[in-house]
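**Q** Below you will find the structure I want to go over with you.
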Amino acid sequence: MKVTVVGAGAVGASCAEYIAIKNFASEVVLLDIKEGFAEGKAMDLMQCASLNGFDTRITGVTNDYSKTAGSDIAVITSGIPRKPGMTREELIGINAGIVKSVSSSLLEHSPNAIIIVVSNPMDTMTYLVHKTTDLPKERIIGMGGALDSARFKYRLAEALGAPISDVDGMVIGGHSDTGMVPLTSHATRNSIKVSEFLSADRLQQVAEDTKVGGATLTKLLGTSAWYAPGAAVSGLVQAIACDQKKIFPCSAYLEGEYGLNDLCIGVPVVLGRGGIESIVEIELDDAEKAKMQESAAGVSKTNGLLEV
Ligand SMILES: NC(=O)c1ccc[n+]([C@@H]2O[C@H](COP(=O)([O-])OP(=O)(O)OC[C@H]3O[C@@H](n4cnc5c(N)ncnc54)[C@H](O)[C@@H]3O)[C@@H](O)[C@H]2O)c1
Ligand SMILES: O=C(O)C[C@H](O)C(=O)O
């Protein structure tokens, strides 16, 4: 199993590290445009191999796509991150050009790859790959919901005073400060609805804290987060590589599902060796349906800024 990660910055390197530590891939190629940067990150990561007990071979290359040839999975993390006070949508001007050229170069050398898009604004970058390549929709996956759901579970556990392993929950919708739809009515603590433990007001607070999870970290760090994003990407890569048939909320191209068309947005999907093997349509209540429609309108508005 060969995995390429484009962008050896904070998220790309963290993602490569988690993939290696989980020890399911034979090879990870890190590629960056900055001379020597990916080579340096790869060498540093390889020097963790004997310490952390993995056999995955990590190599770094400066913009040489021939070294990525034959990749089964390619992750796009190249692009600029936001600074405090910015929205993800403000990154579109620079990141759209990067994502378009990177996806084309990747597919030239790995025509059978499954692409995972991470660069922001992620739903629109995923749509851009859909619009500018010939890849079938099941092989274009946007990562956002897996991360947002991890943050939701963190906030739920905090409010419940429970261990995170006891908590389950999912965030669908757009990966933006206003567009996320944390499904509080579906969230559980060891199979019991969390509404049995938390007031409506407290649950509303959990949802709001979840939606601004990325902005909160950006304010604290001065740039956006990387550990949980890297871990979330590695989870998707593993589900595909190991044909796990796991359900994650991912940005997928919709053709009628959830009453939505011609956009990529976060919905639960089954991930396996074929990529998105199916989209799971769950019953939403009226308020959740309205939030999903509003979220989709926001994503479509950002898509409208693309020159495709
Ligand atoms: N979808 C998500 O949940 C999620 C989570 C975290 C970050 N992000 C996004 O991921 C992106 C990367 O974030 P980061 O913190 O790793 O940024 P970073 O600045 O640390 O790393 C980005 C890397 O991309 C490289 N790069 C730029 N143009 C390139 C090109 N054409 N080809 C190859 N490499 C190129 C840069 O040299 C840099 O090393 C940002 O857009 C950020 O908003 C998304
Ligand atoms: O917040 C960001 O800009 C980065 C990423 O989308 C995140 O949610 O951490």
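Scheme for the structure tokens: letters A, B, ... for chains in order shown; per-chain residue numbers from 1; ligand numbers from 1 in order shown.
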Would you list the residues that come within 10 Å of ligand 2? Count only C-alpha atoms and all ligand atoms and give the answer as a PyMOL selection string.
**A** chain A and resi 11+80-84+86-91+118-122+143-145+147-148+151+175-177+210-219+223-230
**Q** Print the selection's residues with N, CA and C atoms to a file, as a short mmCIF file (atom, residue, chain, number, x, y, z; two decimals), in the first residue's frame.
**A**
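Full text of out-v3.cif as output:
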```
data_model
loop_
_atom_site.label_atom_id
_atom_site.label_comp_id
_atom_site.auth_asym_id
_atom_site.auth_seq_id
_atom_site.Cartn_x
_atom_site.Cartn_y
_atom_site.Cartn_z
N VAL A 11 0.05 19.66 8.99
CA VAL A 11 -0.95 18.58 8.87
C VAL A 11 -0.37 17.39 8.09
N ILE A 80 -2.27 27.18 2.07
CA ILE A 80 -2.03 27.99 3.27
C ILE A 80 -3.10 27.73 4.33
N PRO A 81 -2.68 27.78 5.59
CA PRO A 81 -3.66 27.68 6.68
C PRO A 81 -4.15 29.08 7.08
N ARG A 82 -5.25 29.17 7.82
CA ARG A 82 -5.72 30.50 8.22
C ARG A 82 -4.97 31.01 9.44
N LYS A 83 -5.07 32.31 9.63
CA LYS A 83 -4.51 32.98 10.81
C LYS A 83 -5.69 33.38 11.69
N PRO A 84 -5.43 33.71 12.97
CA PRO A 84 -6.53 34.11 13.85
C PRO A 84 -7.37 35.22 13.22
N MET A 86 -9.41 34.90 10.73
CA MET A 86 -9.82 34.58 9.34
C MET A 86 -10.84 33.44 9.32
N THR A 87 -11.60 33.36 8.23
CA THR A 87 -12.42 32.17 8.00
C THR A 87 -11.66 31.25 7.05
N ARG A 88 -12.09 30.01 6.99
CA ARG A 88 -11.47 29.07 6.04
C ARG A 88 -11.75 29.52 4.60
N GLU A 89 -12.92 30.10 4.40
CA GLU A 89 -13.33 30.50 3.04
C GLU A 89 -12.37 31.53 2.44
N GLU A 90 -11.75 32.33 3.30
CA GLU A 90 -10.82 33.37 2.80
C GLU A 90 -9.57 32.77 2.15
N LEU A 91 -9.36 31.46 2.30
CA LEU A 91 -8.16 30.82 1.75
C LEU A 91 -8.34 30.41 0.29
N VAL A 118 -7.78 17.79 2.02
CA VAL A 118 -7.74 18.37 3.37
C VAL A 118 -7.68 19.90 3.29
N SER A 119 -7.00 20.43 2.28
CA SER A 119 -6.80 21.88 2.16
C SER A 119 -8.13 22.62 2.22
N ASN A 120 -8.12 23.78 2.86
CA ASN A 120 -9.34 24.56 3.04
C ASN A 120 -9.51 25.64 1.97
N PRO A 121 -10.74 26.07 1.73
CA PRO A 121 -12.00 25.60 2.31
C PRO A 121 -12.34 24.22 1.76
N MET A 122 -12.31 23.21 2.65
CA MET A 122 -12.23 21.81 2.23
C MET A 122 -13.39 21.34 1.34
N MET A 143 -11.89 15.49 3.88
CA MET A 143 -11.77 15.23 5.33
C MET A 143 -12.14 16.48 6.12
N GLY A 144 -13.17 16.37 6.93
CA GLY A 144 -13.58 17.47 7.80
C GLY A 144 -14.44 16.90 8.93
N GLY A 145 -15.44 16.13 8.55
CA GLY A 145 -16.40 15.59 9.52
C GLY A 145 -15.76 14.66 10.54
N LEU A 147 -12.81 14.93 11.81
CA LEU A 147 -12.17 15.83 12.78
C LEU A 147 -13.23 16.53 13.63
N ASP A 148 -14.25 17.07 12.97
CA ASP A 148 -15.30 17.80 13.71
C ASP A 148 -16.01 16.87 14.70
N ARG A 151 -13.89 16.40 17.73
CA ARG A 151 -14.00 17.59 18.60
C ARG A 151 -15.34 17.60 19.34
N HIS A 175 -17.71 21.98 6.46
CA HIS A 175 -16.61 22.14 7.42
C HIS A 175 -16.28 23.63 7.53
N SER A 176 -17.18 24.36 8.22
CA SER A 176 -16.98 25.80 8.38
C SER A 176 -17.48 26.22 9.76
N ASP A 177 -17.10 27.41 10.18
CA ASP A 177 -17.46 27.87 11.53
C ASP A 177 -18.97 27.92 11.74
N THR A 210 -18.21 23.12 19.45
CA THR A 210 -17.73 22.21 18.40
C THR A 210 -17.55 22.96 17.08
N LYS A 211 -18.55 23.76 16.73
CA LYS A 211 -18.52 24.45 15.43
C LYS A 211 -17.32 25.39 15.31
N VAL A 212 -16.94 26.03 16.42
CA VAL A 212 -15.80 26.95 16.35
C VAL A 212 -14.51 26.27 16.84
N GLY A 213 -14.51 24.92 16.82
CA GLY A 213 -13.34 24.18 17.30
C GLY A 213 -12.05 24.58 16.60
N GLY A 214 -12.11 24.71 15.28
CA GLY A 214 -10.91 25.07 14.50
C GLY A 214 -10.49 26.51 14.78
N ALA A 215 -11.46 27.41 14.88
CA ALA A 215 -11.16 28.83 15.13
C ALA A 215 -10.57 29.02 16.52
N THR A 216 -11.08 28.26 17.49
CA THR A 216 -10.58 28.35 18.88
C THR A 216 -9.09 27.98 18.91
N LEU A 217 -8.75 26.89 18.22
CA LEU A 217 -7.35 26.45 18.21
C LEU A 217 -6.48 27.43 17.43
N THR A 218 -7.02 27.98 16.34
CA THR A 218 -6.25 28.93 15.53
C THR A 218 -5.89 30.16 16.36
N LYS A 219 -6.84 30.59 17.20
CA LYS A 219 -6.58 31.75 18.06
C LYS A 219 -5.47 31.41 19.08
N THR A 223 -1.89 29.68 14.21
CA THR A 223 -2.13 29.01 12.92
C THR A 223 -3.08 27.87 13.24
N SER A 224 -3.57 27.17 12.20
CA SER A 224 -4.58 26.16 12.52
C SER A 224 -3.95 24.86 13.05
N ALA A 225 -4.82 23.99 13.55
CA ALA A 225 -4.39 22.78 14.27
C ALA A 225 -3.81 21.72 13.33
N TRP A 226 -3.08 20.76 13.90
CA TRP A 226 -2.52 19.69 13.06
C TRP A 226 -2.58 18.29 13.67
N TYR A 227 -2.53 18.17 15.01
CA TYR A 227 -2.50 16.79 15.56
C TYR A 227 -3.80 16.04 15.25
N ALA A 228 -4.94 16.62 15.67
CA ALA A 228 -6.21 15.92 15.42
C ALA A 228 -6.52 15.86 13.91
N PRO A 229 -6.22 16.91 13.13
CA PRO A 229 -6.41 16.77 11.68
C PRO A 229 -5.60 15.61 11.10
N GLY A 230 -4.33 15.49 11.51
CA GLY A 230 -3.48 14.40 11.01
C GLY A 230 -4.04 13.04 11.43
#
```
**Q** Set the distance at 10 Å and use only C-alpha atoms: which residues neighbour Ser105 of chain A once local chain neighbours fewer than 5 positions away are removed? I'd like the list as an MDAnalysis selection string.
**A** chainID A and resid 63:66 68 99:100 110:111
**Q** Could you pull out the residues in segment 54-257 of chain A that DSSP calls helix (DSSP H, G or I) from the backbone, as a PyMOL selection string?
**A** chain A and resi 65-68+88-109+122-132+137-139+145-160+164-166+194-196+200-211+213-221+227-241+257
**Q** Within 10 Å of Ala297 of chain A, counting only C-alpha atoms, which residues qualify if same-chain residues fewer than 5 places away don't, as a list of chain:residue names?
**A** A:Gly174, A:Gly179, A:Leu260, A:Leu263, A:Lys291, A:Met292, A:Thr302, A:Asn303
**Q** Pick from A:Val270, A:Ile141, A:Ala290, A:Ala231: nearest to Tyr18 of chain A, with only C-alpha atoms counted?
**A** A:Ala231
**Q** Between A:Cys15, A:Ala296, A:Cys242, A:Ala232, which residue has the minimum interatomic distance to Asp72 of chain A, considering only C-alpha atoms?
**A** A:Cys242
**Q** Out of A:Asn23, A:Ser300, A:Asn95, A:Gln293, which residue has the shortest atom-to-atom distance to ligand 1 when counting only C-alpha atoms and all ligand atoms?
**A** A:Asn95
**Q** Can you tell me which residues surround Phe24 of chain A at a distance of at most 8 Å, considering only C-alpha atoms, apart from same-chain residues fewer than 3 positions away, and format the answer as JSON, numbers by chain?
**A** {"A": [1, 19, 20, 56, 238, 241, 242]}
**Q** For Thr77 of chain A, find every residue with an atom within 8 Å (counting only C-alpha atoms), except residues of its own chain fewer than 6 positions away, and show them as an MDAnalysis selection string.
**A** chainID A and resid 5:9 11:12 117:119
**Q** Take the residues from that selection and put them in a file with N, CA and C atoms, as a short mmCIF file (atom, residue, chain, number, x, y, z; two decimals), in the first residue's frame.
**A**
```cif
data_model
loop_
_atom_site.label_atom_id
_atom_site.label_comp_id
_atom_site.auth_asym_id
_atom_site.auth_seq_id
_atom_site.Cartn_x
_atom_site.Cartn_y
_atom_site.Cartn_z
N VAL A 5 1.41 11.90 0.48
CA VAL A 5 0.85 13.04 1.19
C VAL A 5 1.50 14.29 0.59
N VAL A 6 0.70 15.11 -0.06
CA VAL A 6 1.24 16.35 -0.65
C VAL A 6 1.07 17.48 0.37
N GLY A 7 2.20 18.17 0.61
CA GLY A 7 2.24 19.17 1.68
C GLY A 7 2.88 18.50 2.89
N ALA A 8 4.13 18.88 3.18
CA ALA A 8 4.84 18.28 4.32
C ALA A 8 4.83 19.23 5.50
N GLY A 9 3.83 20.12 5.51
CA GLY A 9 3.71 21.08 6.61
C GLY A 9 3.15 20.41 7.86
N VAL A 11 0.05 19.66 8.99
CA VAL A 11 -0.95 18.58 8.87
C VAL A 11 -0.37 17.39 8.09
N GLY A 12 0.34 17.67 7.00
CA GLY A 12 0.89 16.59 6.18
C GLY A 12 1.85 15.71 6.99
N VAL A 117 -8.99 15.07 0.21
CA VAL A 117 -8.71 16.51 0.21
C VAL A 117 -8.82 17.05 1.63
N VAL A 118 -7.78 17.79 2.02
CA VAL A 118 -7.74 18.37 3.37
C VAL A 118 -7.68 19.90 3.29
N SER A 119 -7.00 20.43 2.28
CA SER A 119 -6.80 21.88 2.16
C SER A 119 -8.13 22.62 2.22
#
```
**Q** Can you work out which one of A:Thr184, A:Asn190, A:Thr4, A:Thr132 has the shortest atom-to-atom distance to Ala287 of chain A, counting only C-alpha atoms?
**A**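 The closest residue to Ala287 of chain A is A:Thr184.
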